[in-house]
$ cat structure16.csv   # CSV, C-alpha atoms
chain,number,residue,atom,x,y,z
A,1,MET,CA,230.0,35.6,106.8
A,2,PRO,CA,230.4,34.1,103.3
A,3,LYS,CA,234.0,33.7,102.2
A,4,LEU,CA,235.3,35.4,99.1
A,5,THR,CA,236.2,33.8,95.8
A,6,ILE,CA,239.6,35.1,94.7
A,7,ALA,CA,240.5,34.8,91.0
A,8,ILE,CA,244.2,35.2,90.0
A,9,ASP,CA,245.2,35.4,86.4
A,10,GLY,CA,248.5,36.1,84.7
A,11,PRO,CA,251.1,34.8,82.3
A,12,ALA,CA,253.6,32.0,82.8
A,13,GLY,CA,256.2,32.6,85.4
A,14,SER,CA,254.3,35.4,87.2
A,15,GLY,CA,254.2,33.3,90.4
A,16,LYS,CA,250.4,32.6,90.4
A,17,SER,CA,250.6,29.1,91.9
A,18,SER,CA,253.0,30.0,94.7
A,19,VAL,CA,251.2,33.2,95.5
A,20,ALA,CA,247.7,31.7,95.4
A,21,ARG,CA,248.8,28.8,97.6
A,22,ARG,CA,250.2,31.3,100.2
A,23,ILE,CA,247.1,33.4,100.2
A,24,ALA,CA,244.9,30.3,100.7
A,25,ALA,CA,247.1,29.3,103.7
A,26,VAL,CA,246.9,32.7,105.3
A,27,LEU,CA,243.1,33.1,104.8
A,28,ASP,CA,242.3,29.4,105.5
A,29,TYR,CA,240.8,29.1,102.0
A,30,LEU,CA,240.9,26.2,99.6
A,31,TYR,CA,243.6,26.5,96.8
A,32,LEU,CA,242.8,25.0,93.4
A,33,ASP,CA,245.4,24.7,90.7
A,34,SER,CA,243.3,25.0,87.5
A,35,GLY,CA,246.4,24.3,85.3
A,36,ALA,CA,246.8,20.9,86.9
A,37,MET,CA,243.5,19.8,85.4
A,38,TYR,CA,244.8,20.6,81.9
A,39,ARG,CA,248.1,19.0,82.6
A,40,ALA,CA,246.3,15.8,83.8
A,41,LEU,CA,244.2,15.6,80.6
A,42,ALA,CA,247.3,16.3,78.6
A,43,LEU,CA,249.1,13.4,80.3
A,44,LYS,CA,246.3,11.1,79.4
A,45,ALA,CA,246.3,12.3,75.8
A,46,LEU,CA,250.0,11.6,75.6
A,47,GLN,CA,249.6,8.2,77.2
A,48,HIS,CA,246.9,7.3,74.7
A,49,HIS,CA,249.0,8.7,71.8
A,50,ILE,CA,246.2,11.1,70.7
A,51,ALA,CA,247.5,13.7,68.3
A,52,LEU,CA,247.3,17.2,69.9
A,53,GLU,CA,245.8,18.4,66.6
A,54,ASN,CA,242.9,16.0,66.8
A,55,GLU,CA,240.3,18.2,68.5
A,56,THR,CA,237.4,15.7,68.2
A,57,GLN,CA,239.3,12.9,70.0
A,58,LEU,CA,240.6,15.3,72.6
A,59,GLU,CA,237.1,16.7,73.3
A,60,LYS,CA,235.8,13.2,73.7
A,61,LEU,CA,238.7,12.3,76.0
A,62,ALA,CA,237.8,15.2,78.2
A,63,THR,CA,234.2,14.1,78.7
A,64,GLU,CA,235.4,10.6,79.6
A,65,THR,CA,238.0,11.7,82.1
A,66,HIS,CA,237.7,12.3,85.8
A,67,ILE,CA,240.1,14.7,87.5
A,68,GLU,CA,240.2,15.4,91.2
A,69,LEU,CA,242.3,17.9,93.2
A,70,LYS,CA,243.1,17.3,96.8
A,71,PRO,CA,245.3,19.2,99.4
A,72,PRO,CA,248.9,17.9,99.2
A,73,THR,CA,250.5,15.9,101.9
A,74,PRO,CA,253.0,17.8,104.1
A,75,GLU,CA,255.8,16.0,102.2
A,76,GLN,CA,254.4,16.9,98.8
A,77,GLU,CA,253.9,20.5,99.9
A,78,GLN,CA,257.5,20.7,101.0
A,79,SER,CA,258.6,19.4,97.6
A,80,GLY,CA,256.6,22.1,95.8
A,81,SER,CA,253.3,20.3,95.0
A,82,LYS,CA,250.3,22.5,95.1
A,83,ASN,CA,247.6,19.9,94.9
A,84,ARG,CA,247.4,16.2,94.9
A,85,VAL,CA,246.2,15.4,91.4
A,86,PHE,CA,244.2,12.3,90.6
A,87,LEU,CA,243.5,11.2,87.0
A,88,ASP,CA,240.8,8.6,86.8
A,89,ALA,CA,241.4,7.8,90.5
A,90,VAL,CA,245.2,7.3,89.9
A,91,GLU,CA,247.5,9.9,91.5
A,92,VAL,CA,249.6,11.7,88.9
A,93,THR,CA,250.9,14.6,91.0
A,94,ASP,CA,254.5,14.2,89.9
A,95,ALA,CA,253.9,12.8,86.4
A,96,ILE,CA,252.2,16.0,85.2
A,97,ARG,CA,255.2,18.2,86.1
A,98,THR,CA,257.3,17.6,83.0
A,99,GLY,CA,258.0,20.0,80.1
A,100,GLU,CA,256.3,17.8,77.6
A,101,VAL,CA,253.1,17.7,79.6
A,102,ALA,CA,253.2,21.4,80.2
A,103,GLN,CA,253.5,22.1,76.4
A,104,ALA,CA,250.8,19.7,75.6
A,105,ALA,CA,248.5,21.2,78.2
A,106,SER,CA,249.0,24.7,76.6
A,107,ARG,CA,247.9,23.2,73.3
A,108,LEU,CA,244.8,21.6,74.9
A,109,ALA,CA,243.8,24.8,76.5
A,110,THR,CA,243.2,26.3,73.1
A,111,ILE,CA,240.4,23.8,72.3
A,112,ALA,CA,236.9,25.1,73.0
A,113,GLY,CA,235.3,21.7,73.8
A,114,VAL,CA,238.1,20.8,76.2
A,115,ARG,CA,237.9,24.1,78.0
A,116,GLN,CA,234.1,23.8,78.3
A,117,VAL,CA,234.4,20.5,80.1
A,118,LEU,CA,237.2,21.6,82.4
A,119,VAL,CA,235.7,25.0,83.2
A,120,ALA,CA,232.5,23.3,84.3
A,121,GLU,CA,234.7,21.1,86.6
A,122,GLN,CA,236.5,24.2,88.0
A,123,GLN,CA,233.2,26.0,88.7
A,124,ARG,CA,231.9,22.9,90.5
A,125,ALA,CA,235.0,22.7,92.6
A,126,GLY,CA,234.9,26.4,93.6
A,127,ALA,CA,231.2,26.7,94.2
A,128,GLY,CA,230.4,28.3,97.6
A,129,GLY,CA,233.5,30.6,97.9
A,130,GLY,CA,236.4,30.4,100.3
A,131,VAL,CA,238.5,29.5,97.2
A,132,VAL,CA,241.7,30.9,95.6
A,133,MET,CA,242.0,29.7,92.0
A,134,GLU,CA,244.6,30.8,89.5
A,135,GLY,CA,245.0,30.4,85.8
A,136,ARG,CA,244.6,32.4,82.7
A,137,ASP,CA,240.8,32.9,82.4
A,138,ILE,CA,239.7,32.6,86.0
A,139,GLY,CA,238.4,36.1,86.4
A,140,THR,CA,237.1,36.4,82.9
A,141,VAL,CA,235.4,33.0,82.3
A,142,VAL,CA,235.5,30.6,85.3
A,143,PHE,CA,234.5,33.0,88.0
A,144,PRO,CA,233.4,36.2,86.3
A,145,ASN,CA,231.5,37.2,89.5
A,146,ALA,CA,234.5,36.7,91.8
A,147,GLU,CA,234.6,39.2,94.7
A,148,LEU,CA,238.3,39.8,94.1
A,149,LYS,CA,240.1,39.5,90.8
A,150,ILE,CA,243.9,39.9,90.5
A,151,PHE,CA,246.0,40.1,87.3
A,152,LEU,CA,249.5,39.1,88.3
A,153,ASP,CA,252.3,40.1,86.0
A,154,ALA,CA,256.1,40.6,85.9
A,155,SER,CA,258.7,41.3,83.2
A,156,PRO,CA,259.4,38.5,80.7
A,157,GLU,CA,263.0,38.4,81.8
A,158,VAL,CA,262.1,38.0,85.5
A,159,ARG,CA,259.5,35.4,84.7
A,160,ALA,CA,262.0,33.5,82.6
A,161,GLU,CA,264.6,33.5,85.4
A,162,ARG,CA,262.0,32.1,87.8
A,163,ARG,CA,261.2,29.3,85.3
A,164,TRP,CA,264.8,28.6,84.7
A,165,LYS,CA,265.5,28.2,88.4
A,166,GLU,CA,262.6,25.7,88.5
A,167,HIS,CA,264.3,23.8,85.6
A,168,GLN,CA,267.6,23.8,87.4
A,169,GLU,CA,266.1,22.4,90.6
A,170,LYS,CA,264.7,19.5,88.6
A,171,GLY,CA,268.0,18.9,86.9
A,172,ASP,CA,266.9,20.1,83.5
A,173,SER,CA,269.7,21.5,81.3
A,174,ALA,CA,267.7,24.4,79.6
A,175,THR,CA,269.6,27.6,79.3
A,176,ILE,CA,268.1,31.0,80.4
A,177,SER,CA,267.9,32.1,76.8
A,178,GLU,CA,265.9,29.0,75.8
A,179,VAL,CA,263.5,29.5,78.8
A,180,LEU,CA,263.0,33.2,77.9
A,181,GLU,CA,262.1,32.2,74.3
A,182,GLU,CA,259.7,29.5,75.7
A,183,VAL,CA,258.1,32.1,78.0
A,184,ARG,CA,257.6,34.6,75.1
A,185,GLU,CA,256.1,31.8,72.9
A,186,ARG,CA,253.8,30.8,75.7
A,187,ASP,CA,252.7,34.5,76.2
A,188,GLN,CA,251.9,34.9,72.5
A,189,ARG,CA,250.0,31.6,72.4
A,190,ASP,CA,248.0,32.4,75.6
A,191,ARG,CA,247.2,36.0,74.5
A,192,GLU,CA,246.2,35.1,70.9
A,193,ARG,CA,244.3,31.9,71.3
A,194,LYS,CA,240.7,32.2,70.1
A,195,VAL,CA,239.1,30.5,73.1
A,196,SER,CA,239.5,32.3,76.5
A,197,PRO,CA,242.7,34.3,75.7
A,198,LEU,CA,244.8,35.7,78.5
A,199,ILE,CA,243.3,39.2,79.2
A,200,ARG,CA,242.8,41.2,82.3
A,201,ALA,CA,239.3,41.4,83.5
A,202,ALA,CA,238.0,45.0,83.5
A,203,ASP,CA,237.6,44.9,87.3
A,204,ALA,CA,240.8,43.1,88.1
A,205,VAL,CA,243.5,44.7,90.2
A,206,ILE,CA,246.9,44.7,88.4
A,207,VAL,CA,249.8,43.5,90.7
A,208,ASP,CA,253.2,43.7,89.1
A,209,ASN,CA,255.6,41.6,91.2
A,210,THR,CA,258.7,42.0,89.1
A,211,ALA,CA,260.5,43.4,92.2
A,212,MET,CA,258.5,41.4,94.8
A,213,ASP,CA,258.9,37.9,96.1
A,214,VAL,CA,256.1,35.4,96.8
A,215,GLU,CA,255.6,36.5,100.5
A,216,GLU,CA,255.4,40.2,99.6
A,217,THR,CA,253.0,39.6,96.8
A,218,ALA,CA,250.8,37.3,98.9
A,219,ARG,CA,250.8,39.8,101.7
A,220,LEU,CA,249.6,42.6,99.4
A,221,ILE,CA,246.7,40.5,98.0
A,222,VAL,CA,245.7,39.3,101.4
A,223,LEU,CA,245.3,43.0,102.4
A,224,LEU,CA,243.2,43.6,99.3
A,225,ALA,CA,241.1,40.6,100.2
A,226,ARG,CA,240.5,41.8,103.7
A,227,GLU,CA,239.6,45.3,102.5
A,228,ARG,CA,237.2,43.8,99.9
A,229,ASP,CA,235.6,41.7,102.7
A,230,LYS,CA,235.1,44.8,104.8
A,231,ASP,CA,233.5,46.6,101.9
A,232,LEU,CA,231.1,43.8,101.3
A,233,VAL,CA,230.1,43.6,105.0
A,234,ALA,CA,229.5,47.4,105.0
A,235,ALA,CA,227.4,47.1,101.8
A,236,ARG,CA,225.2,44.3,103.3
A,237,ARG,CA,224.6,46.4,106.5
A,238,ASN,CA,223.6,49.4,104.4
A,239,ALA,CA,221.4,47.3,102.0
$ encode --input "structure16.csv" --output "structure tokens"
Amino acid sequence: MPKLTIAIDGPAGSGKSSVARRIAAVLDYLYLDSGAMYRALALKALQHHIALENETQLEKLATETHIELKPPTPEQEQSGSKNRVFLDAVEVTDAIRTGEVAQAASRLATIAGVRQVLVAEQQRAGAGGGVVMEGRDIGTVVFPNAELKIFLDASPEVRAERRWKEHQEKGDSATISEVLEEVRERDQRDRERKVSPLIRAADAVIVDNTAMDVEETARLIVLLARERDKDLVAARRNA
């Protein structure tokens, strides 16, 4: 039977990447980190000293850039990498995981021309189903016809604590209050941007994981996916 396309959206720190990766492993689906594409392009823009306000140059850069996602090696997966990321055939898996790149990627994501190019790449990568993809506009823009859409959320304080722990593991000196402010600013930017703002798709299931860990959240969504699959099989039989 055809495999589902599972779209997971939600704000920063909601655990989308970890949860999506776990779901893909349980269902034997392909996990694609949409945010890694924006980070890779942001890294290239920073390397080329292109101003993040220069939309024309950034749109041109997007059309001239090749980004490829591959499954991580066991060692990379153990260290937290979700995909191997290649920028113009050069691996940048580690280089894109800095605060500077993350902030630049958030700015790039507000540019219509950039999003148009990268959304087309995401749709190409996920064509055929059997895919779990997460981001901020996956269920609304990238895969509006996905068989299962999830909107993953948690309180700002819990999301900030998760991000702060990530900073701590990397040796960053950010305080919890600084990270909370960063999360709130990111929320506002994502929800108010003119192009593909962060909104819940009308047919998305809301999953609040404020009090759930990654394993519990993934287990719930896997159950939803299996129920959805049964519903689709029954619908085909009755068609």
$ residues_around --input "structure16.csv" --residues "Ala204 (chain A)" --least-positions-apart "4" --cutoff "9 Å" --atoms "all atoms listed in the file" --output "PyMOL selection string"
chain A and resi 7-8+139+148-151+200
$ write_last_selection --input "structure16.csv" --atoms "C-alpha atoms" --output "JSON list (two decimals), keeping the file's coordinate frame"
[["chain", "number", "residue", "atom", "x", "y", "z"],
["A", 7, "ALA", "CA", 240.50, 34.80, 91.00],
["A", 8, "ILE", "CA", 244.20, 35.20, 90.00],
["A", 139, "GLY", "CA", 238.40, 36.10, 86.40],
["A", 148, "LEU", "CA", 238.30, 39.80, 94.10],
["A", 149, "LYS", "CA", 240.10, 39.50, 90.80],
["A", 150, "ILE", "CA", 243.90, 39.90, 90.50],
["A", 151, "PHE", "CA", 246.00, 40.10, 87.30],
["A", 200, "ARG", "CA", 242.80, 41.20, 82.30]]
$ residues_around --input "structure16.csv" --residues "region 175-181 of chain A" --least-positions-apart "4" --cutoff "9 Å" --atoms "only C-alpha atoms" --output "PyMOL selection string"
chain A and resi 156-157+159-161+163-165+167+185-186
$ atom_distance --input "structure16.csv" --atom1 "CA of Gly171 (chain A)" --atom2 "CA of His49 (chain A)"
26.3 Å
$ closest_residue --input "structure16.csv" --among "A:Val119, A:Ala104, A:Leu27, A:Ile50" --to "Val142 (chain A)" --atoms "all atoms listed in the file"
A:Val119
$ residues_around --input "structure16.csv" --residues "Leu32 (chain A)" --least-positions-apart "6" --cutoff "12 Å" --atoms "only C-alpha atoms" --output "PDB file with C-alpha atoms, in the frame of the given file"
ATOM      1  CA  THR A   5     236.200  33.800  95.800  1.00  0.00           C
ATOM      2  CA  ILE A   6     239.600  35.100  94.700  1.00  0.00           C
ATOM      3  CA  ALA A   7     240.500  34.800  91.000  1.00  0.00           C
ATOM      4  CA  ILE A   8     244.200  35.200  90.000  1.00  0.00           C
ATOM      5  CA  LYS A  16     250.400  32.600  90.400  1.00  0.00           C
ATOM      6  CA  SER A  17     250.600  29.100  91.900  1.00  0.00           C
ATOM      7  CA  SER A  18     253.000  30.000  94.700  1.00  0.00           C
ATOM      8  CA  VAL A  19     251.200  33.200  95.500  1.00  0.00           C
ATOM      9  CA  ALA A  20     247.700  31.700  95.400  1.00  0.00           C
ATOM     10  CA  ARG A  21     248.800  28.800  97.600  1.00  0.00           C
ATOM     11  CA  ARG A  22     250.200  31.300 100.200  1.00  0.00           C
ATOM     12  CA  ILE A  23     247.100  33.400 100.200  1.00  0.00           C
ATOM     13  CA  ALA A  24     244.900  30.300 100.700  1.00  0.00           C
ATOM     14  CA  ALA A  25     247.100  29.300 103.700  1.00  0.00           C
ATOM     15  CA  GLU A  68     240.200  15.400  91.200  1.00  0.00           C
ATOM     16  CA  LEU A  69     242.300  17.900  93.200  1.00  0.00           C
ATOM     17  CA  LYS A  70     243.100  17.300  96.800  1.00  0.00           C
ATOM     18  CA  PRO A  71     245.300  19.200  99.400  1.00  0.00           C
ATOM     19  CA  PRO A  72     248.900  17.900  99.200  1.00  0.00           C
ATOM     20  CA  SER A  81     253.300  20.300  95.000  1.00  0.00           C
ATOM     21  CA  LYS A  82     250.300  22.500  95.100  1.00  0.00           C
ATOM     22  CA  ASN A  83     247.600  19.900  94.900  1.00  0.00           C
ATOM     23  CA  ARG A  84     247.400  16.200  94.900  1.00  0.00           C
ATOM     24  CA  VAL A  85     246.200  15.400  91.400  1.00  0.00           C
ATOM     25  CA  GLU A 121     234.700  21.100  86.600  1.00  0.00           C
ATOM     26  CA  GLN A 122     236.500  24.200  88.000  1.00  0.00           C
ATOM     27  CA  GLN A 123     233.200  26.000  88.700  1.00  0.00           C
ATOM     28  CA  ARG A 124     231.900  22.900  90.500  1.00  0.00           C
ATOM     29  CA  ALA A 125     235.000  22.700  92.600  1.00  0.00           C
ATOM     30  CA  GLY A 126     234.900  26.400  93.600  1.00  0.00           C
ATOM     31  CA  ALA A 127     231.200  26.700  94.200  1.00  0.00           C
ATOM     32  CA  GLY A 129     233.500  30.600  97.900  1.00  0.00           C
ATOM     33  CA  GLY A 130     236.400  30.400 100.300  1.00  0.00           C
ATOM     34  CA  VAL A 131     238.500  29.500  97.200  1.00  0.00           C
ATOM     35  CA  VAL A 132     241.700  30.900  95.600  1.00  0.00           C
ATOM     36  CA  MET A 133     242.000  29.700  92.000  1.00  0.00           C
ATOM     37  CA  GLU A 134     244.600  30.800  89.500  1.00  0.00           C
ATOM     38  CA  GLY A 135     245.000  30.400  85.800  1.00  0.00           C
ATOM     39  CA  ILE A 138     239.700  32.600  86.000  1.00  0.00           C
TER      40      ILE A 138
END
$ atom_distance --input "structure16.csv" --atom1 "CA of Thr56 (chain A)" --atom2 "CA of Leu108 (chain A)"
11.6 Å
$ residues_around --input "structure16.csv" --residues "region 41-47 of chain A" --least-positions-apart "4" --cutoff "7 Å" --atoms "all atoms listed in the file" --output "PyMOL selection string"
chain A and resi 37+62+96+101+104-105+108
$ atom_distance --input "structure16.csv" --atom1 "CA of Val233 (chain A)" --atom2 "CA of Tyr31 (chain A)"
23.3 Å
$ residues_around --input "structure16.csv" --residues "Arg162 (chain A)" --least-positions-apart "4" --cutoff "9 Å" --atoms "all atoms listed in the file" --output "PyMOL selection string"
chain A and resi 13-15+157-158+166-167
$ closest_residue --input "structure16.csv" --among "A:Leu152, A:Val92, A:Val183, A:Ala239" --to "Ile221 (chain A)" --atoms "all atoms listed in the file"
A:Leu152
$ closest_residue --input "structure16.csv" --among "A:Ile67, A:Ala51, A:Ala235, A:Ala12" --to "Arg39 (chain A)" --atoms "all atoms listed in the file"
A:Ile67
$ closest_residue --input "structure16.csv" --among "A:Asp94, A:Glu182, A:Glu75, A:Asp9" --to "Lys170 (chain A)" --atoms "only C-alpha atoms"
A:Asp94
$ decode --input "structure16.csv" --residues "region 135-147 of chain A" --atoms "all heavy atoms" --output "PDB file, in the first residue's frame"
ATOM      1  N   GLY A 135       8.557  21.463   9.842  1.00  0.00           N
ATOM      2  CA  GLY A 135       8.946  22.843   9.596  1.00  0.00           C
ATOM      3  C   GLY A 135       7.895  23.789  10.142  1.00  0.00           C
ATOM      4  O   GLY A 135       7.342  23.554  11.213  1.00  0.00           O
ATOM      5  N   ARG A 136       7.615  24.842   9.390  1.00  0.00           N
ATOM      6  CA  ARG A 136       6.618  25.810   9.833  1.00  0.00           C
ATOM      7  C   ARG A 136       5.490  26.007   8.823  1.00  0.00           C
ATOM      8  O   ARG A 136       4.490  26.645   9.136  1.00  0.00           O
ATOM      9  CB  ARG A 136       7.304  27.140  10.151  1.00  0.00           C
ATOM     10  CG  ARG A 136       8.079  27.065  11.457  1.00  0.00           C
ATOM     11  CD  ARG A 136       8.995  28.246  11.663  1.00  0.00           C
ATOM     12  NE  ARG A 136       9.653  28.154  12.963  1.00  0.00           N
ATOM     13  CZ  ARG A 136      10.672  27.340  13.238  1.00  0.00           C
ATOM     14  NH1 ARG A 136      11.155  26.549  12.304  1.00  0.00           N
ATOM     15  NH2 ARG A 136      11.209  27.303  14.446  1.00  0.00           N
ATOM     16  N   ASP A 137       5.658  25.476   7.633  1.00  0.00           N
ATOM     17  CA  ASP A 137       4.594  25.598   6.635  1.00  0.00           C
ATOM     18  C   ASP A 137       4.442  24.303   5.833  1.00  0.00           C
ATOM     19  O   ASP A 137       4.025  24.324   4.684  1.00  0.00           O
ATOM     20  CB  ASP A 137       4.861  26.768   5.689  1.00  0.00           C
ATOM     21  CG  ASP A 137       6.128  26.571   4.854  1.00  0.00           C
ATOM     22  OD1 ASP A 137       6.928  25.658   5.168  1.00  0.00           O
ATOM     23  OD2 ASP A 137       6.319  27.327   3.884  1.00  0.00           O
ATOM     24  N   ILE A 138       4.784  23.178   6.446  1.00  0.00           N
ATOM     25  CA  ILE A 138       4.762  21.905   5.712  1.00  0.00           C
ATOM     26  C   ILE A 138       3.326  21.499   5.388  1.00  0.00           C
ATOM     27  O   ILE A 138       3.006  21.148   4.250  1.00  0.00           O
ATOM     28  CB  ILE A 138       5.475  20.788   6.506  1.00  0.00           C
ATOM     29  CG1 ILE A 138       6.875  21.251   6.930  1.00  0.00           C
ATOM     30  CG2 ILE A 138       5.583  19.532   5.649  1.00  0.00           C
ATOM     31  CD1 ILE A 138       7.761  21.726   5.802  1.00  0.00           C
ATOM     32  N   GLY A 139       2.438  21.573   6.382  1.00  0.00           N
ATOM     33  CA  GLY A 139       1.055  21.168   6.150  1.00  0.00           C
ATOM     34  C   GLY A 139       0.226  22.195   5.412  1.00  0.00           C
ATOM     35  O   GLY A 139      -0.812  21.858   4.837  1.00  0.00           O
ATOM     36  N   THR A 140       0.674  23.455   5.416  1.00  0.00           N
ATOM     37  CA  THR A 140      -0.093  24.512   4.770  1.00  0.00           C
ATOM     38  C   THR A 140       0.384  24.825   3.361  1.00  0.00           C
ATOM     39  O   THR A 140      -0.413  25.197   2.498  1.00  0.00           O
ATOM     40  CB  THR A 140      -0.036  25.807   5.604  1.00  0.00           C
ATOM     41  OG1 THR A 140       1.329  26.136   5.865  1.00  0.00           O
ATOM     42  CG2 THR A 140      -0.781  25.635   6.922  1.00  0.00           C
ATOM     43  N   VAL A 141       1.689  24.678   3.108  1.00  0.00           N
ATOM     44  CA  VAL A 141       2.248  25.092   1.811  1.00  0.00           C
ATOM     45  C   VAL A 141       2.961  23.951   1.086  1.00  0.00           C
ATOM     46  O   VAL A 141       2.700  23.685  -0.086  1.00  0.00           O
ATOM     47  CB  VAL A 141       3.229  26.282   1.990  1.00  0.00           C
ATOM     48  CG1 VAL A 141       3.900  26.642   0.663  1.00  0.00           C
ATOM     49  CG2 VAL A 141       2.490  27.493   2.550  1.00  0.00           C
ATOM     50  N   VAL A 142       3.880  23.288   1.764  1.00  0.00           N
ATOM     51  CA  VAL A 142       4.722  22.293   1.092  1.00  0.00           C
ATOM     52  C   VAL A 142       3.909  21.050   0.720  1.00  0.00           C
ATOM     53  O   VAL A 142       3.928  20.600  -0.431  1.00  0.00           O
ATOM     54  CB  VAL A 142       5.932  21.899   1.965  1.00  0.00           C
ATOM     55  CG1 VAL A 142       6.817  20.888   1.228  1.00  0.00           C
ATOM     56  CG2 VAL A 142       6.746  23.138   2.326  1.00  0.00           C
ATOM     57  N   PHE A 143       3.205  20.484   1.704  1.00  0.00           N
ATOM     58  CA  PHE A 143       2.373  19.302   1.453  1.00  0.00           C
ATOM     59  C   PHE A 143       0.943  19.549   1.939  1.00  0.00           C
ATOM     60  O   PHE A 143       0.505  18.957   2.926  1.00  0.00           O
ATOM     61  CB  PHE A 143       2.961  18.067   2.148  1.00  0.00           C
ATOM     62  CG  PHE A 143       4.277  17.619   1.588  1.00  0.00           C
ATOM     63  CD1 PHE A 143       5.392  17.527   2.403  1.00  0.00           C
ATOM     64  CD2 PHE A 143       4.404  17.300   0.248  1.00  0.00           C
ATOM     65  CE1 PHE A 143       6.620  17.123   1.884  1.00  0.00           C
ATOM     66  CE2 PHE A 143       5.630  16.897  -0.274  1.00  0.00           C
ATOM     67  CZ  PHE A 143       6.729  16.810   0.536  1.00  0.00           C
ATOM     68  N   PRO A 144       0.200  20.418   1.238  1.00  0.00           N
ATOM     69  CA  PRO A 144      -1.172  20.713   1.680  1.00  0.00           C
ATOM     70  C   PRO A 144      -2.102  19.508   1.590  1.00  0.00           C
ATOM     71  O   PRO A 144      -3.160  19.504   2.214  1.00  0.00           O
ATOM     72  CB  PRO A 144      -1.613  21.827   0.726  1.00  0.00           C
ATOM     73  CG  PRO A 144      -0.744  21.666  -0.483  1.00  0.00           C
ATOM     74  CD  PRO A 144       0.568  21.175   0.030  1.00  0.00           C
ATOM     75  N   ASN A 145      -1.710  18.492   0.821  1.00  0.00           N
ATOM     76  CA  ASN A 145      -2.531  17.287   0.689  1.00  0.00           C
ATOM     77  C   ASN A 145      -1.989  16.115   1.498  1.00  0.00           C
ATOM     78  O   ASN A 145      -2.361  14.962   1.251  1.00  0.00           O
ATOM     79  CB  ASN A 145      -2.647  16.891  -0.790  1.00  0.00           C
ATOM     80  CG  ASN A 145      -3.336  17.954  -1.623  1.00  0.00           C
ATOM     81  OD1 ASN A 145      -4.341  18.519  -1.195  1.00  0.00           O
ATOM     82  ND2 ASN A 145      -2.799  18.247  -2.799  1.00  0.00           N
ATOM     83  N   ALA A 146      -1.106  16.394   2.445  1.00  0.00           N
ATOM     84  CA  ALA A 146      -0.553  15.325   3.290  1.00  0.00           C
ATOM     85  C   ALA A 146      -1.669  14.566   3.984  1.00  0.00           C
ATOM     86  O   ALA A 146      -2.651  15.158   4.443  1.00  0.00           O
ATOM     87  CB  ALA A 146       0.406  15.914   4.325  1.00  0.00           C
ATOM     88  N   GLU A 147      -1.512  13.242   4.073  1.00  0.00           N
ATOM     89  CA  GLU A 147      -2.549  12.411   4.691  1.00  0.00           C
ATOM     90  C   GLU A 147      -2.654  12.639   6.202  1.00  0.00           C
ATOM     91  O   GLU A 147      -3.715  12.449   6.789  1.00  0.00           O
ATOM     92  CB  GLU A 147      -2.271  10.929   4.421  1.00  0.00           C
ATOM     93  CG  GLU A 147      -2.469  10.508   2.980  1.00  0.00           C
ATOM     94  CD  GLU A 147      -1.238  10.741   2.117  1.00  0.00           C
ATOM     95  OE1 GLU A 147      -0.223  11.245   2.645  1.00  0.00           O
ATOM     96  OE2 GLU A 147      -1.287  10.416   0.913  1.00  0.00           O
TER      97      GLU A 147
END
